[in-house]
file run08.cif (mmCIF, C-alpha atoms)
data_data
#
loop_
_atom_site.label_atom_id
_atom_site.label_comp_id
_atom_site.auth_asym_id
_atom_site.auth_seq_id
_atom_site.Cartn_x
_atom_site.Cartn_y
_atom_site.Cartn_z
CA MET A 1 -17.12 11.38 -4.60
CA LYS A 2 -15.09 8.19 -4.06
CA LYS A 3 -12.58 8.04 -1.22
CA LEU A 4 -8.98 7.82 -2.42
CA TYR A 5 -6.02 5.96 -0.92
CA ILE A 6 -2.54 7.35 -1.58
CA VAL A 7 -0.13 4.66 -0.38
CA ALA A 8 3.65 5.10 -0.25
CA ASN A 9 5.76 1.94 -0.38
CA TRP A 10 9.30 2.84 0.65
CA LYS A 11 10.45 -0.74 0.07
CA SER A 12 13.97 -1.42 1.46
CA ASN A 13 14.93 2.25 1.61
CA LYS A 14 15.66 5.01 4.14
CA THR A 15 17.46 5.28 7.44
CA ILE A 16 16.00 7.01 10.49
CA LEU A 17 17.73 10.27 9.53
CA GLN A 18 16.36 10.06 5.99
CA ALA A 19 12.85 9.37 7.27
CA GLU A 20 13.08 12.41 9.55
CA GLU A 21 14.17 14.56 6.61
CA TRP A 22 11.26 13.26 4.48
CA PHE A 23 8.75 14.26 7.15
CA ARG A 24 10.43 17.66 7.65
CA THR A 25 10.06 18.32 3.94
CA ILE A 26 6.40 17.26 3.91
CA ASN A 27 5.70 19.49 6.91
CA ASN A 28 7.14 22.50 5.09
CA LEU A 29 4.95 22.02 2.02
CA PRO A 30 1.43 23.49 1.74
CA VAL A 31 -0.37 20.15 1.60
CA THR A 32 -4.14 20.61 1.67
CA PHE A 33 -6.84 17.99 1.23
CA ASN A 34 -10.01 16.71 2.83
CA GLU A 35 -9.03 13.78 5.04
CA GLU A 36 -12.49 12.29 4.53
CA GLU A 37 -11.77 12.07 0.80
CA LYS A 38 -8.07 11.05 0.80
CA LYS A 39 -6.23 8.67 3.11
CA VAL A 40 -2.45 8.92 2.98
CA ILE A 41 -0.56 5.81 4.13
CA VAL A 42 3.22 5.39 4.42
CA CYS A 43 4.36 1.76 4.37
CA ALA A 44 7.83 1.77 5.90
CA PRO A 45 10.40 -0.98 6.54
CA PHE A 46 10.14 -2.76 9.89
CA THR A 47 13.20 -0.85 11.15
CA LEU A 48 11.36 2.46 10.70
CA LEU A 49 7.84 1.62 11.89
CA SER A 50 8.40 2.98 15.41
CA LYS A 51 10.05 6.18 14.16
CA VAL A 52 7.46 6.78 11.42
CA LYS A 53 4.68 6.27 13.96
CA GLU A 54 6.36 8.88 16.16
CA LEU A 55 6.83 11.29 13.25
CA THR A 56 3.19 11.07 12.18
CA VAL A 57 2.06 12.34 15.59
CA ASN A 58 3.72 15.71 15.03
CA CYS A 59 3.17 15.85 11.27
CA LYS A 60 0.86 18.56 9.94
CA LEU A 61 -0.35 16.08 7.34
CA SER A 62 -2.58 13.28 8.55
CA ILE A 63 -0.56 10.17 7.68
CA VAL A 64 -1.39 6.60 8.64
CA VAL A 65 1.36 4.02 9.12
CA GLY A 66 1.53 0.80 7.15
CA ALA A 67 4.00 -2.11 7.07
CA GLN A 68 5.32 -3.86 3.97
CA ASP A 69 4.95 -7.44 5.12
CA VAL A 70 3.83 -9.63 8.02
CA SER A 71 4.57 -13.16 9.20
CA PRO A 72 2.21 -15.93 8.09
CA PHE A 73 2.53 -17.30 11.65
CA ASP A 74 1.36 -16.11 15.02
CA GLU A 75 3.97 -15.09 17.61
CA GLY A 76 6.35 -17.82 18.68
CA ALA A 77 9.51 -19.61 17.62
CA TYR A 78 9.82 -18.11 14.12
CA THR A 79 13.25 -16.49 14.08
CA GLY A 80 13.44 -13.45 11.82
CA GLU A 81 9.68 -13.09 11.40
CA VAL A 82 7.56 -10.17 12.61
CA SER A 83 4.10 -11.20 13.76
CA ALA A 84 0.88 -9.32 13.10
CA SER A 85 0.49 -8.58 16.82
CA GLN A 86 3.91 -6.87 16.76
CA VAL A 87 3.15 -4.93 13.58
CA LYS A 88 -0.18 -3.74 14.99
CA GLU A 89 1.65 -1.79 17.73
CA PHE A 90 2.76 0.67 15.02
CA ALA A 91 0.67 0.18 11.88
CA ASP A 92 -2.93 -0.03 10.70
CA TYR A 93 -2.27 -1.35 7.18
CA VAL A 94 0.08 -3.95 5.72
CA ILE A 95 1.11 -4.78 2.16
CA ILE A 96 0.78 -8.49 1.43
CA GLY A 97 1.85 -10.47 -1.64
CA HIS A 98 3.82 -7.75 -3.41
CA SER A 99 5.28 -9.04 -6.68
CA GLU A 100 8.79 -8.53 -5.27
CA ARG A 101 7.96 -10.83 -2.36
CA ARG A 102 6.53 -13.40 -4.75
CA SER A 103 9.47 -13.33 -7.18
CA ASN A 104 12.42 -12.74 -4.82
CA PHE A 105 11.27 -14.75 -1.83
CA GLY A 106 9.10 -17.45 -3.39
CA GLU A 107 5.84 -16.48 -1.70
CA THR A 108 3.01 -18.77 -2.77
CA GLU A 109 -0.71 -18.14 -2.79
CA LYS A 110 -0.96 -20.26 0.37
CA ILE A 111 1.54 -18.03 2.19
CA VAL A 112 -0.30 -14.94 1.00
CA GLU A 113 -3.56 -16.38 2.33
CA LEU A 114 -1.99 -17.14 5.74
CA LYS A 115 -0.63 -13.61 5.96
CA ILE A 116 -4.03 -12.13 5.14
CA LEU A 117 -5.60 -14.22 7.90
CA GLN A 118 -2.98 -13.08 10.41
CA ALA A 119 -3.44 -9.43 9.45
CA ILE A 120 -7.21 -9.57 9.80
CA LYS A 121 -6.93 -11.44 13.12
CA PHE A 122 -5.05 -8.48 14.58
CA ASN A 123 -7.12 -5.74 12.92
CA LEU A 124 -4.59 -4.80 10.28
CA VAL A 125 -6.05 -3.92 6.88
CA PRO A 126 -4.28 -6.02 4.21
CA ILE A 127 -3.34 -4.32 0.95
CA ILE A 128 -3.27 -7.47 -1.19
CA CYS A 129 -1.13 -7.15 -4.31
CA VAL A 130 -1.99 -9.01 -7.51
CA SER A 131 -0.46 -8.83 -10.96
CA SER A 132 -3.16 -10.78 -12.79
CA ILE A 133 -6.79 -11.75 -12.37
CA ASN A 134 -5.63 -15.35 -11.71
CA GLN A 135 -4.23 -14.25 -8.34
CA VAL A 136 -7.59 -12.89 -7.15
CA ASN A 137 -9.23 -15.30 -4.72
CA ASP A 138 -12.93 -15.06 -3.96
CA LYS A 139 -12.20 -16.75 -0.59
CA TRP A 140 -10.91 -13.37 0.61
CA LYS A 141 -14.56 -12.28 0.89
CA MET A 142 -15.12 -14.93 3.55
CA MET A 143 -12.30 -13.82 5.87
CA ASN A 144 -14.50 -11.45 7.89
CA GLY A 145 -12.29 -8.40 7.60
CA LYS A 146 -11.73 -5.32 5.48
CA PHE A 147 -9.09 -5.56 2.78
CA ILE A 148 -7.85 -3.56 -0.19
CA VAL A 149 -6.52 -4.99 -3.46
CA ALA A 150 -3.66 -3.40 -5.40
CA TYR A 151 -3.34 -4.29 -9.08
CA GLU A 152 0.35 -4.03 -9.96
CA PRO A 153 1.38 -5.45 -13.34
CA VAL A 154 4.90 -6.86 -13.08
CA PHE A 155 6.14 -5.05 -16.19
CA ALA A 156 5.30 -1.68 -14.62
CA ILE A 157 7.07 -2.16 -11.28
CA GLY A 158 10.11 0.13 -11.18
CA SER A 159 10.30 0.26 -14.96
CA GLY A 160 9.06 3.78 -15.58
CA THR A 161 6.50 2.31 -17.96
CA PRO A 162 3.06 2.18 -16.30
CA ASP A 163 0.04 0.30 -17.52
CA THR A 164 -2.55 2.37 -19.37
CA PRO A 165 -5.38 3.84 -17.28
CA GLU A 166 -7.82 2.05 -19.58
CA ASN A 167 -6.35 -1.40 -18.97
CA ALA A 168 -5.83 -0.74 -15.25
CA GLY A 169 -9.45 0.36 -15.00
CA LEU A 170 -10.62 -2.77 -16.80
CA MET A 171 -8.61 -4.94 -14.41
CA ALA A 172 -10.07 -3.08 -11.42
CA LYS A 173 -13.57 -3.66 -12.78
CA LYS A 174 -12.92 -7.40 -13.23
CA ILE A 175 -11.53 -7.68 -9.69
CA LYS A 176 -14.64 -5.99 -8.30
CA GLU A 177 -16.82 -8.41 -10.25
CA ILE A 178 -15.14 -11.25 -8.32
CA LEU A 179 -14.83 -9.62 -4.89
CA GLY A 180 -17.74 -7.21 -4.80
CA ASP A 181 -17.48 -3.67 -3.45
CA THR A 182 -13.74 -3.66 -2.75
CA ASP A 183 -11.35 -0.71 -2.94
CA ILE A 184 -8.87 -1.26 -5.79
CA LEU A 185 -5.51 0.52 -6.09
CA TYR A 186 -3.23 0.76 -9.10
CA GLY A 187 0.52 0.33 -8.58
CA GLY A 188 3.38 0.49 -11.05
CA SER A 189 5.45 3.55 -12.06
CA VAL A 190 2.94 6.02 -10.59
CA THR A 191 4.10 9.65 -10.76
CA SER A 192 2.65 13.10 -10.20
CA ASN A 193 2.27 13.37 -13.98
CA ASN A 194 0.10 10.28 -14.48
CA VAL A 195 -1.71 9.80 -11.15
CA ALA A 196 -4.77 11.86 -12.13
CA ASN A 197 -5.31 9.75 -15.25
CA PHE A 198 -5.52 6.56 -13.19
CA LEU A 199 -7.75 8.06 -10.51
CA GLU A 200 -10.21 9.41 -13.06
CA THR A 201 -11.00 5.78 -13.87
CA PRO A 202 -14.28 4.91 -12.07
CA ASP A 203 -13.16 1.58 -10.57
CA ILE A 204 -9.72 2.69 -9.28
CA ASN A 205 -9.83 3.95 -5.69
CA GLY A 206 -6.21 4.93 -5.18
CA VAL A 207 -2.57 4.29 -5.98
CA LEU A 208 0.33 2.32 -4.54
CA VAL A 209 3.42 4.46 -5.11
CA GLY A 210 6.90 2.96 -5.06
CA GLY A 211 9.98 4.90 -6.17
CA ALA A 212 8.18 8.22 -6.50
CA SER A 213 7.21 8.09 -2.81
CA LEU A 214 10.84 8.29 -1.69
CA ASP A 215 11.02 11.93 -2.76
CA ALA A 216 8.85 13.95 -0.38
CA GLN A 217 8.25 16.75 -2.89
CA GLU A 218 7.20 14.32 -5.62
CA PHE A 219 4.92 12.47 -3.20
CA TYR A 220 3.41 15.82 -2.19
CA LYS A 221 2.64 16.51 -5.86
CA ILE A 222 1.03 13.07 -6.17
CA ILE A 223 -1.23 13.87 -3.22
CA GLN A 224 -2.14 17.25 -4.65
CA ASN A 225 -2.80 15.88 -8.14
CA SER A 226 -5.00 13.06 -6.87
#
call {"tool": "encode", "arguments": {"input": "run08.cif", "output": "structure tokens"}}
result
Amino acid sequence: MKKLYIVANWKSNKTILQAEEWFRTINNLPVTFNEEEKKVIVCAPFTLLSKVKELTVNCKLSIVVGAQDVSPFDEGAYTGEVSASQVKEFADYVIIGHSERRSNFGETEKIVELKILQAIKFNLVPIICVSSINQVNDKWKMMNGKFIVAYEPVFAIGSGTPDTPENAGLMAKKIKEILGDTDILYGGSVTSNNVANFLETPDINGVLVGGASLDAQEFYKIIQNS
């Protein structure tokens, strides 16, 4: 049986009090799964990484902390940036190259590459987001570190209209043909109602969940239905 990744991307949402309530709700739900088969990751805003790390310690559910971005530079005179060495104090995974970063903040493929290198340097696992096969770079194989790729078609992000499992599975297969044995996630309007259809596809190893992850009960159902 393939190992699954269930990744929550809270984006620019939640205060400390709201994060605490989310974890309280999760703790009160009968979540059961084999941790060797499913890895649950919560990618929180920088402002919440410390609190989420603290909350995971006392959480009944085994949750791993992830960040949503990382600086393309090492530590130093880069006002407003958060370096990989700083992120590593709280997180084990980091989302890189999300379509919202590319479209809203002008991230180029070069910036994405620099961020991947920084993440790997400090033992963070990059979750590299791509919306097309043209964004897949076979150089990633040469970076001497583990990484995950998330296929997230732009039309499906926050629209409520996901890609089809068939097309997502085909994209995952094509990505693996370029990168080899790499874990591929699907992201884009994932819900508890459609998650099983995507995960039944042989080449999809998990999901990147946006809006649906903000509701603890819905995210619980996604975990259970995976």
call {"tool": "residues_around", "arguments": {"input": "run08.cif", "residues": "segment 78-93 of chain A", "least_positions_apart": "4", "cutoff": "8 Å", "atoms": "only C-alpha atoms", "output": "PyMOL selection string"}}
result
chain A and resi 41+43+49-50+53+64-67+70-74+118-119+122-127
call {"tool": "residues_around", "arguments": {"input": "run08.cif", "residues": "Asp203 of chain A", "least_positions_apart": "3", "cutoff": "7 Å", "atoms": "only C-alpha atoms", "output": "ChimeraX atom specification"}}
result
/A:169,172-173
call {"tool": "resolve_selection", "arguments": {"input": "run08.cif", "expression": "the PyMOL selection byres ((chain A and resi 194) around 10)", "output": "JSON, numbers by chain"}}
result
{"A": [162, 164, 165, 189, 190, 191, 192, 193, 195, 196, 197, 198, 199, 222, 225, 226]}
call {"tool": "closest_residue", "arguments": {"input": "run08.cif", "among": "A:Ile96, A:Ala77, A:Leu4, A:Ala44", "to": "Thr201 of chain A", "atoms": "all atoms listed in the file"}}
result
A:Leu4
call {"tool": "closest_residue", "arguments": {"input": "run08.cif", "among": "A:Ala212, A:Met143, A:Leu170, A:Ile133", "to": "Gly158 of chain A", "atoms": "all atoms listed in the file"}}
result
A:Ala212
call {"tool": "closest_residue", "arguments": {"input": "run08.cif", "among": "A:Tyr186, A:Tyr5, A:Phe105, A:Phe155", "to": "Glu35 of chain A", "atoms": "only C-alpha atoms"}}
result
A:Tyr5
call {"tool": "closest_residue", "arguments": {"input": "run08.cif", "among": "A:Asn144, A:Thr108, A:Thr15, A:Ser99", "to": "Gly188 of chain A", "atoms": "all atoms listed in the file"}}
result
A:Ser99
